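First up is the structure itself, then whatever we jot down about it.
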Amino acid sequence: MQQKTLAHAAHPMTKTAGPSKKLADLHCDSMGYEFGVTVDKFELQSFSKRFESRFKDPLKPGLTFEAVLSTGNPKIFDYHVHLIWWLMKSQVKVKVQYVQKANKPEEDEKEPFAEGAMKWLGAFFKAKNAPAHIHTAFEYPAESWQPAIPLPIKIPIGSNPEVEVDGMSLNLGKNETGMGQAWLISREKFTRVLLYGDRPVEFLTFDVIKEAELLSEFAKNFIKETPNEADKF
């Protein structure tokens, strides 16, 4: 559900340098960061004051908030952000989901925009950084990329002699990216790599493209490039 409430929440737009790459260049469909912080470490009153029209009810456990942050400069950045916030008894949870596809802002729309979402959110945390649980999805054209593990495979299950298995879950050992699990999915038109794990986020210096570049390189451990027909001769 798209909400434009955030459009009137902030400051004059700051200039942001364009990235060297885009999410599409990295085959990155989405990157989700989920934070959980105790109420005493989050500026709850300041956050709710920004959106008084939405927080008509008292701040109490079970209260939720959703919004979509448009792309401030869709000619340069190719993503928008879904923001989900919910209040628990003693904890605040926030999910920032970067989704590949620019959303052009409305004429009267102001910050925060997708490009500065993490820096903006960090202003409500009493710490400069926080650990985040991450879900990342990469999707590659099947004619160019295939899973490193042979997929799909057909196996007998029960009375069915051929059940097609087109995905596989892998539990990963300790590594520099913090990713603990990978899912491989093989379909006729695409190959997907889903990564799950935990990484620290430095709010002021966060760069989603640099994050995507790091995890894109890691994702390539689970796929292999398909040779062109011309290369076979």
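Here, A, B, ... name the chains of the structure tokens in the order displayed, residue numbers run from 1 inside each chain, and ligands are numbered from 1 in the same displayed order.
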Polymer residues at most 6 Å from segment 187-201 of chain A, only C-alpha atoms, same-chain spacing of 4 or more positions, as a list in words: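 Listing them by chain and then by number gives Asn129, Ala130, Pro131, Ala132, His133, Ile134, His135, Thr136, Ala137, Phe138, Glu139, Tyr140, Pro141, Ala142, Gly178, Met179, Gly180, Gln181, Ala182 and Trp183 of chain A.
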Quick one: pick out all helix (DSSP H, G or I) residues within segment 167-219 of chain A from a backbone DSSP run and write them as JSON, numbers by chain. {"A": [208, 209, 210, 211, 212, 213, 214, 215, 216, 217, 218, 219]}
Could you tell me which of A:Lys60, A:Lys93, A:Lys104, A:Lys21 comes closest to Glu34 of chain A if we count only C-alpha atoms?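 Among the listed residues, the smallest separation from Glu34 of chain A belongs to A:Lys93.
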Report, in Å with one decimal, the straight-line distance from atom CA of Ile84 of chain A to atom CA of Thr205 of chain A.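 Separation between atom CA of Ile84 of chain A and atom CA of Thr205 of chain A: 21.5 Å.
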Nearest to Cys28 of chain A: which of A:Trp86, A:Tyr98, A:Phe47, A:Phe42 is it, counting only C-alpha atoms? A:Tyr98
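If only C-alpha atoms are the atoms counted, then among A:Glu213, A:Glu107, A:Glu115, A:Glu162 the closest residue to Pro74 of chain A is A:Glu115.
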From the options A:Val208, A:Ala102, A:Val37, A:Ala219, which residue's atoms come nearest to Phe125 of chain A, counting only C-alpha atoms? A:Val37
Find the residue from A:Val96, A:Leu184, A:Ile209, A:Leu172 that sits nearest to Trp120 of chain A; use only C-alpha atoms when measuring. A:Val96
Counting only C-alpha atoms, the option among A:Leu214, A:Val39, A:Met118, A:Ala127 closest to Lys95 of chain A: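 Of A:Leu214, A:Val39, A:Met118, A:Ala127, the one nearest Lys95 of chain A is A:Met118, counting only C-alpha atoms.
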Please, which residues of segment 62-232 of chain A, numbered as in this document, come out strand (DSSP E or B) from DSSP, as a PyMOL selection string? chain A and resi 64-69+79-87+91-100+125+129-141+145-147+153-157+160-165+167-171+179-186+190-202+223-225
